[in-house]
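I have placed the structure first, in the form of structure tokens, so that the comments after it can refer back to it.
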Amino acid sequence: APLERPKPVVEEKSNSNYINALSEKGWDINTLNIAVSASYLNDEEKNLILAMNLVRSNPPLYADIYVKPFMAMYEGKQIHYPDGTIIKTEEGLIPVRELYDELMQTKPLPPLKPSRGLSRAAASHAYYQSQNGQIGHDGQGGMRKRIEKQGKWSGALGENISYGYQSGHEAVLSLLIDDGVQSRGHRKNILSPDFSTTGVSINTHPKYKWVHVIDYAGGFSD
């Protein structure tokens with residue numbers, strides 16, 4: 001991932017700013033901004049959960065509002081952002097078109113509910129990588145061990161990690177596109193019916209500026 005990232009296409013800053021921008025597009029914010037009262041999350045982290053709940057709640061609408069316009073920014077394998085930033089991708093438009101088609105056929109999913117325990121697990125890994133500059137899911141015994149230190153999970157477990165983006169909205173779009181990841185595992189996690197709760201943490205990263213850690217579970221009790 002490149003060191004420099006463009007200015008967010010969707011400006012967030014505070015949770016209230018993000019809500020205002022989304023309300024104008026017709027999203028049911030009262031239902032989707034489920035993390036608004038989670039005092040253990042900062043605004044960017046609340047936005048991260050809200051961004052995932054957008055695509056889960058209405059996949060075709062998300063595809064039309066965010067994915068379709070994003071396609072127009074591609075020239076070959078490069079993304080040309082409005083602020084002049086150019087980013088080279090591995091696959092070009094292939095995963096973006098694939099995502100659009102998939103979302104147009106995906107049925108709505110329940111919103112992900114925030115979990116304090118899962119957020120603690122995510123924060124532990126985000127901090128760990130902020131200190132040593134590592135990437136990936138290893139470290140501190142791995143995802144499952146980190147999560148089980150914070151409580152009891154049920155059903156299924158998963159984890160997404162994004163690097164380089166400060167904006168939760170941009171990070172989620174990038175994970176959904178999943179450029180260069182043949183399994184599209186990040187996309188599958190966000191759109192999985194097996195997950196009902198999530199914990200998130202955003203921290204700085206010495207190489208990629210920002211790291212977003214997102215943990216998922218079918219159920220979780222602290």
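How things are named: the first chain in the structure tokens is A, the next is B, and so on; residues count from 1 in each chain; ligands count from 1 in the order shown.
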
Find the residues of region 131-203 of chain A that sit at most 9 Å from region 41-51 of chain A; for each, write down the nearest two atoms and how far apart they are in Å, to one decimal. Count only C-alpha atoms. Sort by chain, then by number going up, and give it as a tab-separated table.
```
residue	atom	partner	partner_atom	distance
A:Gln166	CA	A:Glu44	CA	8.0
A:Ser167	CA	A:Glu44	CA	6.9
A:Gly168	CA	A:Leu48	CA	4.2
A:His169	CA	A:Ala51	CA	5.3
A:Glu170	CA	A:Ala51	CA	8.7
A:Ala171	CA	A:Leu48	CA	7.9
A:Val172	CA	A:Ala51	CA	6.5
A:Leu173	CA	A:Ala51	CA	8.5
A:Thr198	CA	A:Ile49	CA	7.8
A:Gly199	CA	A:Ile49	CA	8.4
A:Val200	CA	A:Glu45	CA	6.3
A:Ser201	CA	A:Glu45	CA	6.2
A:Ile202	CA	A:Glu45	CA	6.5
```

- Query: Could you pull out the helix (DSSP H, G or I) residues of chain A from DSSP and send them as a PyMOL selection string?
  - Reply: chain A and resi 15-23+29-32+43-57+59-71+94-104+116-132+143-148+168-177+185-190

Writing out the chosen residues with C-alpha atoms as a JSON list (two decimals), in the first residue's frame:
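Saved result, again_36.json, follows:
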```json
[["chain", "number", "residue", "atom", "x", "y", "z"],
["A", 15, "ASN", "CA", -19.61, 11.47, 13.46],
["A", 16, "SER", "CA", -22.17, 14.28, 13.18],
["A", 17, "ASN", "CA", -20.61, 15.53, 9.92],
["A", 18, "TYR", "CA", -20.73, 12.04, 8.46],
["A", 19, "ILE", "CA", -24.36, 11.65, 9.55],
["A", 20, "ASN", "CA", -25.32, 14.93, 7.91],
["A", 21, "ALA", "CA", -23.67, 13.92, 4.63],
["A", 22, "LEU", "CA", -25.40, 10.54, 4.66],
["A", 23, "SER", "CA", -28.82, 11.91, 5.60],
["A", 29, "ILE", "CA", -29.20, 6.96, 10.06],
["A", 30, "ASN", "CA", -31.17, 6.32, 13.25],
["A", 31, "THR", "CA", -30.98, 2.60, 12.57],
["A", 32, "LEU", "CA", -27.48, 2.43, 11.13],
["A", 43, "ASP", "CA", -15.76, 9.50, 16.13],
["A", 44, "GLU", "CA", -13.67, 7.90, 13.38],
["A", 45, "GLU", "CA", -14.27, 4.47, 14.92],
["A", 46, "LYS", "CA", -18.01, 5.12, 15.10],
["A", 47, "ASN", "CA", -17.87, 6.17, 11.45],
["A", 48, "LEU", "CA", -16.08, 2.92, 10.61],
["A", 49, "ILE", "CA", -18.95, 0.85, 12.01],
["A", 50, "LEU", "CA", -21.51, 3.12, 10.36],
["A", 51, "ALA", "CA", -19.77, 2.70, 6.99],
["A", 52, "MET", "CA", -20.01, -1.09, 7.27],
["A", 53, "ASN", "CA", -23.67, -0.84, 8.21],
["A", 54, "LEU", "CA", -24.40, 1.28, 5.15],
["A", 55, "VAL", "CA", -23.42, -1.47, 2.75],
["A", 56, "ARG", "CA", -25.03, -4.19, 4.86],
["A", 57, "SER", "CA", -28.36, -2.39, 5.11],
["A", 59, "PRO", "CA", -26.14, -3.15, -0.82],
["A", 60, "PRO", "CA", -27.64, -1.93, -4.15],
["A", 61, "LEU", "CA", -27.95, 1.65, -2.89],
["A", 62, "TYR", "CA", -24.34, 1.57, -1.67],
["A", 63, "ALA", "CA", -23.27, 0.26, -5.07],
["A", 64, "ASP", "CA", -25.02, 3.08, -6.91],
["A", 65, "ILE", "CA", -23.96, 5.91, -4.60],
["A", 66, "TYR", "CA", -20.34, 4.94, -3.90],
["A", 67, "VAL", "CA", -19.07, 2.09, -6.09],
["A", 68, "LYS", "CA", -20.38, 3.24, -9.48],
["A", 69, "PRO", "CA", -18.86, 6.77, -9.26],
["A", 70, "PHE", "CA", -15.58, 5.26, -8.04],
["A", 71, "MET", "CA", -15.29, 3.30, -11.30],
["A", 94, "ILE", "CA", -11.94, -5.95, -12.25],
["A", 95, "PRO", "CA", -12.72, -6.14, -8.50],
["A", 96, "VAL", "CA", -14.70, -2.89, -8.58],
["A", 97, "ARG", "CA", -17.03, -4.11, -11.32],
["A", 98, "GLU", "CA", -17.26, -7.44, -9.51],
["A", 99, "LEU", "CA", -18.19, -5.66, -6.28],
["A", 100, "TYR", "CA", -20.85, -3.58, -8.01],
["A", 101, "ASP", "CA", -22.46, -6.66, -9.57],
["A", 102, "GLU", "CA", -22.33, -8.56, -6.28],
["A", 103, "LEU", "CA", -23.89, -5.74, -4.26],
["A", 104, "MET", "CA", -26.70, -5.32, -6.77],
["A", 116, "ARG", "CA", -16.65, -3.18, 23.97],
["A", 117, "GLY", "CA", -14.76, -6.46, 24.37],
["A", 118, "LEU", "CA", -14.14, -6.92, 20.66],
["A", 119, "SER", "CA", -13.05, -3.28, 20.47],
["A", 120, "ARG", "CA", -10.54, -3.93, 23.25],
["A", 121, "ALA", "CA", -9.18, -6.86, 21.26],
["A", 122, "ALA", "CA", -8.96, -4.71, 18.12],
["A", 123, "ALA", "CA", -7.30, -1.89, 20.09],
["A", 124, "SER", "CA", -4.69, -4.29, 21.44],
["A", 125, "HIS", "CA", -3.63, -5.31, 17.94],
["A", 126, "ALA", "CA", -3.83, -1.79, 16.49],
["A", 127, "TYR", "CA", -1.58, -0.51, 19.28],
["A", 128, "TYR", "CA", 0.80, -3.45, 18.85],
["A", 129, "GLN", "CA", 1.24, -2.66, 15.16],
["A", 130, "SER", "CA", 1.48, 1.08, 15.79],
["A", 131, "GLN", "CA", 4.52, 0.37, 17.96],
["A", 132, "ASN", "CA", 6.37, -2.18, 15.82],
["A", 143, "MET", "CA", -6.69, -13.13, 16.42],
["A", 144, "ARG", "CA", -8.51, -15.83, 18.37],
["A", 145, "LYS", "CA", -6.26, -15.58, 21.41],
["A", 146, "ARG", "CA", -6.52, -11.78, 21.45],
["A", 147, "ILE", "CA", -10.31, -11.95, 21.30],
["A", 148, "GLU", "CA", -10.65, -14.70, 23.89],
["A", 168, "GLY", "CA", -13.50, 4.90, 7.93],
["A", 169, "HIS", "CA", -15.64, 5.31, 4.82],
["A", 170, "GLU", "CA", -12.63, 5.04, 2.51],
["A", 171, "ALA", "CA", -11.21, 2.09, 4.47],
["A", 172, "VAL", "CA", -14.47, 0.15, 4.15],
["A", 173, "LEU", "CA", -14.74, 0.83, 0.42],
["A", 174, "SER", "CA", -11.15, -0.37, -0.04],
["A", 175, "LEU", "CA", -11.84, -3.55, 1.94],
["A", 176, "LEU", "CA", -14.96, -4.21, -0.11],
["A", 177, "ILE", "CA", -13.07, -3.82, -3.39],
["A", 185, "GLY", "CA", -11.98, -12.34, 2.21],
["A", 186, "HIS", "CA", -12.31, -8.78, 3.51],
["A", 187, "ARG", "CA", -15.44, -8.25, 1.41],
["A", 188, "LYS", "CA", -16.88, -11.55, 2.62],
["A", 189, "ASN", "CA", -16.36, -10.54, 6.26],
["A", 190, "ILE", "CA", -18.18, -7.23, 5.86]]
```

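With CA of Asp215 (chain A) on one side and CA of Leu157 (chain A) on the other, the separation reads 7.6 Å.
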
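Take the candidates A:Arg184, A:Gly158, A:Ser221, A:Gly133 and check each one against Asn203 (chain A) using only C-alpha atoms; the shortest distance goes to A:Gly133.
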
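Among the candidates A:Leu191, A:Ile86, A:Ala35, A:Ala217, the one nearest to Ala156 (chain A) when counting only C-alpha atoms is A:Ala217.
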
- Task: Enumerate as an NGL selection string all residues of region 48-221 of chain A assigned to strand (DSSP E or B) by DSSP on the backbone, naming them with the chain letters and numbers the document uses.
- Result: :A and (74-75 or 78-80 or 86-88 or 113-114 or 152-163 or 197-205 or 209-221)

Dump of C-alpha atoms for the selected residues, as an mmCIF file, in the first residue's frame:
```cif
data_model
loop_
_atom_site.group_PDB
_atom_site.id
_atom_site.type_symbol
_atom_site.label_atom_id
_atom_site.label_comp_id
_atom_site.auth_asym_id
_atom_site.auth_seq_id
_atom_site.Cartn_x
_atom_site.Cartn_y
_atom_site.Cartn_z
ATOM 1 C CA TYR A 74 -9.944 4.514 -12.909
ATOM 2 C CA GLU A 75 -7.588 4.856 -15.851
ATOM 3 C CA GLN A 78 -4.540 3.651 -11.763
ATOM 4 C CA ILE A 79 -7.052 5.515 -9.602
ATOM 5 C CA HIS A 80 -7.060 9.263 -10.291
ATOM 6 C CA ILE A 86 -2.795 8.807 -8.279
ATOM 7 C CA ILE A 87 -2.723 5.295 -6.825
ATOM 8 C CA LYS A 88 -1.692 2.178 -8.714
ATOM 9 C CA LYS A 113 -23.647 -3.939 16.785
ATOM 10 C CA PRO A 114 -20.591 -2.527 18.583
ATOM 11 C CA LYS A 152 -16.564 -15.255 25.182
ATOM 12 C CA TRP A 153 -17.479 -15.456 21.516
ATOM 13 C CA SER A 154 -20.027 -17.620 19.738
ATOM 14 C CA GLY A 155 -20.809 -18.602 16.174
ATOM 15 C CA ALA A 156 -18.010 -17.314 13.975
ATOM 16 C CA LEU A 157 -14.938 -15.084 14.211
ATOM 17 C CA GLY A 158 -13.250 -12.871 11.660
ATOM 18 C CA GLU A 159 -10.893 -9.925 11.323
ATOM 19 C CA ASN A 160 -10.236 -7.228 8.738
ATOM 20 C CA ILE A 161 -7.256 -4.875 8.817
ATOM 21 C CA SER A 162 -6.888 -1.817 6.603
ATOM 22 C CA TYR A 163 -3.751 0.293 6.202
ATOM 23 C CA THR A 197 -21.276 -7.789 16.365
ATOM 24 C CA THR A 198 -18.022 -5.955 15.773
ATOM 25 C CA GLY A 199 -15.196 -4.221 17.586
ATOM 26 C CA VAL A 200 -12.965 -1.636 15.949
ATOM 27 C CA SER A 201 -9.869 0.414 16.654
ATOM 28 C CA ILE A 202 -7.912 2.973 14.640
ATOM 29 C CA ASN A 203 -4.314 3.842 15.413
ATOM 30 C CA THR A 204 -1.331 5.425 13.718
ATOM 31 C CA HIS A 205 1.114 3.211 11.832
ATOM 32 C CA LYS A 209 0.197 6.231 8.606
ATOM 33 C CA TRP A 210 -3.033 4.555 9.768
ATOM 34 C CA VAL A 211 -4.203 1.091 10.736
ATOM 35 C CA HIS A 212 -7.856 0.058 11.177
ATOM 36 C CA VAL A 213 -8.453 -3.245 12.984
ATOM 37 C CA ILE A 214 -11.978 -4.672 12.762
ATOM 38 C CA ASP A 215 -12.945 -7.812 14.689
ATOM 39 C CA TYR A 216 -16.187 -9.678 14.040
ATOM 40 C CA ALA A 217 -18.148 -12.348 15.890
ATOM 41 C CA GLY A 218 -21.462 -14.119 15.651
ATOM 42 C CA GLY A 219 -21.977 -13.142 19.272
ATOM 43 C CA PHE A 220 -19.785 -11.840 22.080
ATOM 44 C CA SER A 221 -20.074 -11.337 25.832
#
```

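CA of Tyr165 (chain A) sits 13.1 Å away from CA of Pro206 (chain A).
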